[in-house]
>>> print(open('work_20.txt').read())   # compact mmCIF, C-alpha atoms
# COMPACT_ATOMS: atom_id res chain seq x y z
CA GLU A 1 147.77 104.72 130.33
CA ALA A 2 144.70 102.74 131.48
CA GLY A 3 141.36 104.46 130.90
CA LYS A 4 142.81 107.19 128.69
CA THR A 5 141.36 107.59 125.21
CA TYR A 6 142.99 109.03 122.13
CA PRO A 7 140.99 110.84 119.41
CA ALA A 8 142.06 109.51 116.03
CA VAL A 9 141.21 108.58 112.47
CA VAL A 10 141.92 104.90 111.85
CA ILE A 11 142.27 103.43 108.37
CA HIS A 12 141.76 99.66 108.49
CA THR A 13 143.48 97.05 106.32
CA ASP A 14 140.24 96.53 104.33
CA GLY A 15 140.14 100.27 103.51
CA HIS A 16 137.30 101.44 105.74
CA PHE A 17 137.73 104.31 108.21
CA SER A 18 136.86 104.58 111.92
CA LEU A 19 136.67 107.97 113.66
CA GLY A 20 136.50 108.39 117.41
CA SER A 21 138.32 108.11 120.70
CA PHE A 22 140.21 104.87 121.20
CA GLU A 23 141.57 103.34 124.38
CA ALA A 24 143.42 100.83 122.21
CA PHE A 25 143.74 100.88 118.44
CA PRO A 26 142.17 97.99 116.48
CA GLU A 27 144.46 95.12 115.46
CA ASP A 28 143.56 95.65 111.80
CA ALA A 29 144.66 99.31 111.85
CA LEU A 30 146.74 100.05 108.78
CA HIS A 31 147.26 103.71 109.68
CA VAL A 32 146.37 105.83 112.72
CA MET A 33 146.22 109.63 112.51
CA PRO A 34 145.94 111.41 115.86
CA VAL A 35 143.37 114.21 115.93
CA HIS A 36 144.08 117.46 117.74
CA THR A 37 140.67 118.81 118.65
CA GLY A 38 138.10 116.07 118.71
CA GLN A 39 134.86 114.57 117.50
CA LEU A 40 132.10 116.77 116.06
CA VAL A 41 129.51 114.13 115.13
CA LYS A 42 129.14 110.69 116.70
CA GLU A 43 126.67 108.12 115.36
CA GLY A 44 124.81 110.84 113.43
CA LYS A 45 124.39 113.26 116.34
CA ALA A 46 126.20 116.50 117.22
CA VAL A 47 128.70 116.06 120.04
CA ASN A 48 128.53 119.72 121.17
CA LEU A 49 132.30 120.08 121.16
CA SER A 50 131.93 123.77 122.07
CA ARG A 51 130.98 122.77 125.63
CA LYS A 52 134.19 120.78 125.97
CA GLU A 53 136.69 123.03 124.19
CA SER A 54 138.16 126.50 124.55
CA ASP A 55 136.94 129.74 122.98
CA THR A 56 138.27 128.58 119.61
CA ALA A 57 135.23 126.29 119.46
CA ASN A 58 132.82 129.16 120.07
CA ASP A 59 134.33 131.64 117.60
CA PRO A 60 134.21 131.30 113.81
CA HIS A 61 137.50 129.97 112.42
CA PRO A 62 138.78 128.09 109.38
CA ARG A 63 138.18 124.36 109.90
CA THR A 64 139.32 121.07 108.41
CA VAL A 65 137.03 118.06 108.92
CA ILE A 66 136.95 114.40 107.95
CA ALA A 67 133.61 112.58 108.09
CA VAL A 68 132.39 109.09 107.23
CA ASP A 69 129.12 107.30 106.61
CA LYS A 70 127.94 104.44 108.85
CA THR A 71 130.00 101.86 106.91
CA GLY A 72 133.20 103.92 107.06
CA THR A 73 133.62 103.53 103.30
CA HIS A 74 132.27 106.90 102.12
CA VAL A 75 134.67 109.64 103.26
CA THR A 76 133.80 113.34 103.18
CA LEU A 77 136.46 116.02 103.55
CA VAL A 78 135.36 119.54 104.49
CA VAL A 79 137.51 122.65 104.27
CA VAL A 80 136.02 125.88 105.65
CA ASP A 81 137.81 129.14 104.85
CA GLY A 82 137.78 131.97 107.38
CA ARG A 83 139.30 135.11 108.86
CA ASP A 84 138.47 137.06 105.70
CA GLU A 85 135.57 139.45 106.32
CA ASP A 86 134.99 140.00 102.59
CA ARG A 87 134.93 136.34 101.64
CA ALA A 88 134.55 133.83 104.48
CA VAL A 89 134.47 134.30 108.24
CA GLY A 90 134.72 130.61 109.19
CA MET A 91 132.38 128.53 111.34
CA THR A 92 131.92 127.81 115.02
CA THR A 93 131.93 124.16 116.04
CA ASN A 94 128.17 124.33 116.76
CA GLU A 95 127.52 125.62 113.22
CA LEU A 96 129.81 122.99 111.75
CA GLU A 97 128.24 120.16 113.76
CA ALA A 98 124.72 121.18 112.69
CA TRP A 99 125.80 121.41 109.05
CA LEU A 100 127.49 117.99 109.16
CA VAL A 101 124.43 116.37 110.77
CA GLY A 102 122.36 117.96 107.99
CA LEU A 103 124.66 116.32 105.44
CA GLY A 104 123.86 112.97 107.04
CA VAL A 105 127.37 112.00 108.14
CA TYR A 106 127.69 109.28 110.78
CA ASP A 107 130.99 110.30 112.43
CA ALA A 108 133.09 113.45 111.96
CA MET A 109 136.36 114.72 113.44
CA ASN A 110 137.74 118.25 113.51
CA LEU A 111 141.28 117.70 112.23
CA TRP A 112 142.59 121.22 112.70
CA GLY A 113 141.85 124.77 111.71
CA GLY A 114 143.27 128.22 111.27
CA GLY A 115 146.19 128.54 108.88
CA ASN A 116 146.51 124.76 108.70
CA THR A 117 143.25 124.60 106.76
CA THR A 118 144.55 124.17 103.23
CA LEU A 119 142.99 122.18 100.39
CA VAL A 120 145.54 121.08 97.79
CA LEU A 121 144.43 119.08 94.74
CA ARG A 122 145.63 117.78 91.43
CA ASP A 123 142.49 117.58 89.30
CA ARG A 124 144.11 115.55 86.47
CA PRO A 125 146.81 112.87 86.73
CA ASP A 126 149.14 115.01 84.62
CA GLY A 127 147.95 118.35 86.01
CA PRO A 128 149.63 120.73 88.43
CA ILE A 129 149.10 120.63 92.18
CA ARG A 130 147.05 123.69 93.17
CA ILE A 131 145.72 125.28 96.34
CA TYR A 132 141.92 125.39 96.02
CA ASN A 133 141.03 127.47 99.05
CA ARG A 134 142.42 130.62 100.64
CA PRO A 135 144.48 129.74 103.73
CA SER A 136 144.12 132.37 106.44
CA ASP A 137 147.86 132.80 107.12
CA ARG A 138 149.45 135.78 105.38
CA ASN A 139 152.93 137.24 105.29
CA PRO A 140 153.58 140.92 106.16
CA GLN A 141 152.90 141.92 102.53
CA GLY A 142 149.46 140.30 102.66
CA PHE A 143 150.19 137.26 100.48
CA HIS A 144 148.87 133.87 101.53
CA THR A 145 151.50 131.63 103.07
CA LEU A 146 151.57 127.91 103.80
CA ARG A 147 152.66 126.42 107.10
CA SER A 148 155.56 124.03 106.91
CA GLY A 149 154.60 121.78 109.83
CA GLN A 150 151.11 120.72 108.80
CA THR A 151 149.42 117.39 109.26
CA THR A 152 148.85 116.06 105.76
CA LEU A 153 146.13 113.68 104.69
CA GLY A 154 146.35 112.50 101.09
CA PHE A 155 144.07 110.45 98.88
CA LYS A 156 144.49 109.03 95.41
CA PHE A 157 141.30 108.40 93.48
CA TYR A 158 141.09 105.68 90.88
CA ASN A 159 138.72 105.73 87.93
CA ARG A 160 136.85 102.43 88.03
CA ARG A 161 135.39 102.65 84.52
>>> encode(input="work_20.txt", output="structure tokens")
Amino acid sequence: EAGKTYPAVVIHTDGHFSLGSFEAFPEDALHVMPVHTGQLVKEGKAVNLSRKESDTANDPHPRTVIAVDKTGTHVTLVVVDGRDEDRAVGMTTNELEAWLVGLGVYDAMNLWGGGNTTLVLRDRPDGPIRIYNRPSDRNPQGFHTLRSGQTTLGFKFYNRR
């Protein structure tokens, strides 16, 4: 559709990332991941997503964010827990934007939030896969549960020594 833009994370064939709204995806796009909610930081400045979004932007919630430096080669992932008054209440988009600008990121996208905000890591190549945060979804007994239909973003780090 002419003139329509699509918020996305683009991984290019040379390995750098682009975050933003695209009318057409670059020819060198290796992978494109659509983004549900939108951009938080653009060219180092807060976008003020809360003015453009629903009440979920103005209330504290769990959040999942991907951010990059100006070159698109340094990627920062942010997982914010929430909906737990004793531990973590979450962040509004304004709070998150200000914090990301303070970190010095160039571009940042809000990937999702709520119960989808789950950080899973394997800290050793032979180690177990573990959940490192506390997802906000719980079953009727109060135990944390994982959603089955999540968007998954995975990275493998290589030791260059």
>>> residues_around(input="work_20.txt", residues="Asp59 in chain A", least_positions_apart="5", cutoff="9 Å", atoms="only C-alpha atoms", output="PyMOL selection string")
chain A and resi 90-93
>>> closest_residue(input="work_20.txt", among="A:Leu30, A:Gly72, A:Ala67, A:Arg134", to="Leu103 in chain A", atoms="only C-alpha atoms")
A:Ala67
>>> closest_residue(input="work_20.txt", among="A:Met33, A:Ala2, A:Val80, A:Leu111", to="Val65 in chain A", atoms="only C-alpha atoms")
A:Leu111
>>> closest_residue(input="work_20.txt", among="A:Leu40, A:Val79, A:Asp86, A:Asp28", to="Ile131 in chain A", atoms="only C-alpha atoms")
A:Val79
>>> residues_around(input="work_20.txt", residues="Thr37 in chain A", least_positions_apart="3", cutoff="12 Å", atoms="all atoms listed in the file", output="number ranges by chain")
A: 6-9, 20-21, 34, 40, 49-50, 52-54, 56-57, 63-65, 93, 108-113
>>> atom_distance(input="work_20.txt", atom1="CA of Val41 in chain A", atom2="CA of Arg87 in chain A")
26.5 Å
>>> atom_distance(input="work_20.txt", atom1="CA of Asp81 in chain A", atom2="CA of Tyr106 in chain A")
23.1 Å
>>> atom_distance(input="work_20.txt", atom1="CA of Val78 in chain A", atom2="CA of Gln39 in chain A")
13.9 Å
>>> residues_around(input="work_20.txt", residues="range 118-124 of chain A", least_positions_apart="4", cutoff="7 Å", atoms="all atoms listed in the file", output="list in words")
Val79, Pro128, Ile129, Arg130, Ile131, Tyr132, Asn133 and Pro135 of chain A
>>> closest_residue(input="work_20.txt", among="A:Pro60, A:Gly127, A:Thr71, A:Trp99", to="Glu85 in chain A", atoms="only C-alpha atoms")
A:Pro60
>>> residues_near_point(input="work_20.txt", point="(127.7, 106.3, 104.8)", cutoff="12 Å", atoms="only C-alpha atoms", output="PDB file with C-alpha atoms, keeping the file's coordinate frame")
ATOM      1  CA  HIS A  16     137.300 101.440 105.740  1.00  0.00           C
ATOM      2  CA  PHE A  17     137.730 104.310 108.210  1.00  0.00           C
ATOM      3  CA  SER A  18     136.860 104.580 111.920  1.00  0.00           C
ATOM      4  CA  GLU A  43     126.670 108.120 115.360  1.00  0.00           C
ATOM      5  CA  GLY A  44     124.810 110.840 113.430  1.00  0.00           C
ATOM      6  CA  ALA A  67     133.610 112.580 108.090  1.00  0.00           C
ATOM      7  CA  VAL A  68     132.390 109.090 107.230  1.00  0.00           C
ATOM      8  CA  ASP A  69     129.120 107.300 106.610  1.00  0.00           C
ATOM      9  CA  LYS A  70     127.940 104.440 108.850  1.00  0.00           C
ATOM     10  CA  THR A  71     130.000 101.860 106.910  1.00  0.00           C
ATOM     11  CA  GLY A  72     133.200 103.920 107.060  1.00  0.00           C
ATOM     12  CA  THR A  73     133.620 103.530 103.300  1.00  0.00           C
ATOM     13  CA  HIS A  74     132.270 106.900 102.120  1.00  0.00           C
ATOM     14  CA  VAL A  75     134.670 109.640 103.260  1.00  0.00           C
ATOM     15  CA  THR A  76     133.800 113.340 103.180  1.00  0.00           C
ATOM     16  CA  LEU A 103     124.660 116.320 105.440  1.00  0.00           C
ATOM     17  CA  GLY A 104     123.860 112.970 107.040  1.00  0.00           C
ATOM     18  CA  VAL A 105     127.370 112.000 108.140  1.00  0.00           C
ATOM     19  CA  TYR A 106     127.690 109.280 110.780  1.00  0.00           C
ATOM     20  CA  ASP A 107     130.990 110.300 112.430  1.00  0.00           C
ATOM     21  CA  ALA A 108     133.090 113.450 111.960  1.00  0.00           C
TER      22      ALA A 108
END
>>> build_atoms(input="work_20.txt", residues="range 4-23 of chain A", atoms="N, CA and C atoms", output="PDB file, keeping the file's coordinate frame")
ATOM      1  N   LYS A   4     142.635 106.001 129.524  1.00  0.00           N
ATOM      2  CA  LYS A   4     142.810 107.190 128.690  1.00  0.00           C
ATOM      3  C   LYS A   4     142.428 106.859 127.252  1.00  0.00           C
ATOM      4  N   THR A   5     141.734 107.796 126.605  1.00  0.00           N
ATOM      5  CA  THR A   5     141.360 107.590 125.210  1.00  0.00           C
ATOM      6  C   THR A   5     142.075 108.604 124.332  1.00  0.00           C
ATOM      7  N   TYR A   6     142.258 108.210 123.084  1.00  0.00           N
ATOM      8  CA  TYR A   6     142.990 109.030 122.130  1.00  0.00           C
ATOM      9  C   TYR A   6     142.112 109.275 120.901  1.00  0.00           C
ATOM     10  N   PRO A   7     141.774 110.556 120.620  1.00  0.00           N
ATOM     11  CA  PRO A   7     140.990 110.840 119.410  1.00  0.00           C
ATOM     12  C   PRO A   7     141.850 110.596 118.175  1.00  0.00           C
ATOM     13  N   ALA A   8     141.274 109.869 117.206  1.00  0.00           N
ATOM     14  CA  ALA A   8     142.060 109.510 116.030  1.00  0.00           C
ATOM     15  C   ALA A   8     141.164 109.124 114.863  1.00  0.00           C
ATOM     16  N   VAL A   9     141.782 109.149 113.687  1.00  0.00           N
ATOM     17  CA  VAL A   9     141.210 108.580 112.470  1.00  0.00           C
ATOM     18  C   VAL A   9     141.991 107.301 112.222  1.00  0.00           C
ATOM     19  N   VAL A  10     141.275 106.191 112.092  1.00  0.00           N
ATOM     20  CA  VAL A  10     141.920 104.900 111.850  1.00  0.00           C
ATOM     21  C   VAL A  10     141.513 104.413 110.457  1.00  0.00           C
ATOM     22  N   ILE A  11     142.514 104.070 109.654  1.00  0.00           N
ATOM     23  CA  ILE A  11     142.270 103.430 108.370  1.00  0.00           C
ATOM     24  C   ILE A  11     142.593 101.953 108.557  1.00  0.00           C
ATOM     25  N   HIS A  12     141.619 101.103 108.278  1.00  0.00           N
ATOM     26  CA  HIS A  12     141.760  99.660 108.490  1.00  0.00           C
ATOM     27  C   HIS A  12     142.337  98.986 107.250  1.00  0.00           C
ATOM     28  N   THR A  13     142.848  97.768 107.425  1.00  0.00           N
ATOM     29  CA  THR A  13     143.480  97.050 106.320  1.00  0.00           C
ATOM     30  C   THR A  13     142.523  96.795 105.159  1.00  0.00           C
ATOM     31  N   ASP A  14     141.211  96.734 105.417  1.00  0.00           N
ATOM     32  CA  ASP A  14     140.240  96.530 104.330  1.00  0.00           C
ATOM     33  C   ASP A  14     139.836  97.844 103.668  1.00  0.00           C
ATOM     34  N   GLY A  15     140.394  98.980 104.139  1.00  0.00           N
ATOM     35  CA  GLY A  15     140.140 100.270 103.510  1.00  0.00           C
ATOM     36  C   GLY A  15     139.069 101.116 104.154  1.00  0.00           C
ATOM     37  N   HIS A  16     138.311 100.587 105.116  1.00  0.00           N
ATOM     38  CA  HIS A  16     137.300 101.440 105.740  1.00  0.00           C
ATOM     39  C   HIS A  16     137.928 102.280 106.852  1.00  0.00           C
ATOM     40  N   PHE A  17     137.250 103.353 107.222  1.00  0.00           N
ATOM     41  CA  PHE A  17     137.730 104.310 108.210  1.00  0.00           C
ATOM     42  C   PHE A  17     136.898 104.199 109.487  1.00  0.00           C
ATOM     43  N   SER A  18     137.541 104.423 110.636  1.00  0.00           N
ATOM     44  CA  SER A  18     136.860 104.580 111.920  1.00  0.00           C
ATOM     45  C   SER A  18     137.314 105.906 112.513  1.00  0.00           C
ATOM     46  N   LEU A  19     136.372 106.681 113.028  1.00  0.00           N
ATOM     47  CA  LEU A  19     136.670 107.970 113.660  1.00  0.00           C
ATOM     48  C   LEU A  19     136.153 107.931 115.081  1.00  0.00           C
ATOM     49  N   GLY A  20     136.965 108.357 116.034  1.00  0.00           N
ATOM     50  CA  GLY A  20     136.500 108.390 117.410  1.00  0.00           C
ATOM     51  C   GLY A  20     137.640 108.454 118.388  1.00  0.00           C
ATOM     52  N   SER A  21     137.321 108.159 119.639  1.00  0.00           N
ATOM     53  CA  SER A  21     138.320 108.110 120.700  1.00  0.00           C
ATOM     54  C   SER A  21     138.570 106.649 121.043  1.00  0.00           C
ATOM     55  N   PHE A  22     139.829 106.267 121.027  1.00  0.00           N
ATOM     56  CA  PHE A  22     140.210 104.870 121.200  1.00  0.00           C
ATOM     57  C   PHE A  22     141.056 104.705 122.445  1.00  0.00           C
ATOM     58  N   GLU A  23     140.717 103.696 123.249  1.00  0.00           N
ATOM     59  CA  GLU A  23     141.570 103.340 124.380  1.00  0.00           C
ATOM     60  C   GLU A  23     142.723 102.478 123.879  1.00  0.00           C
TER      61      GLU A  23
END
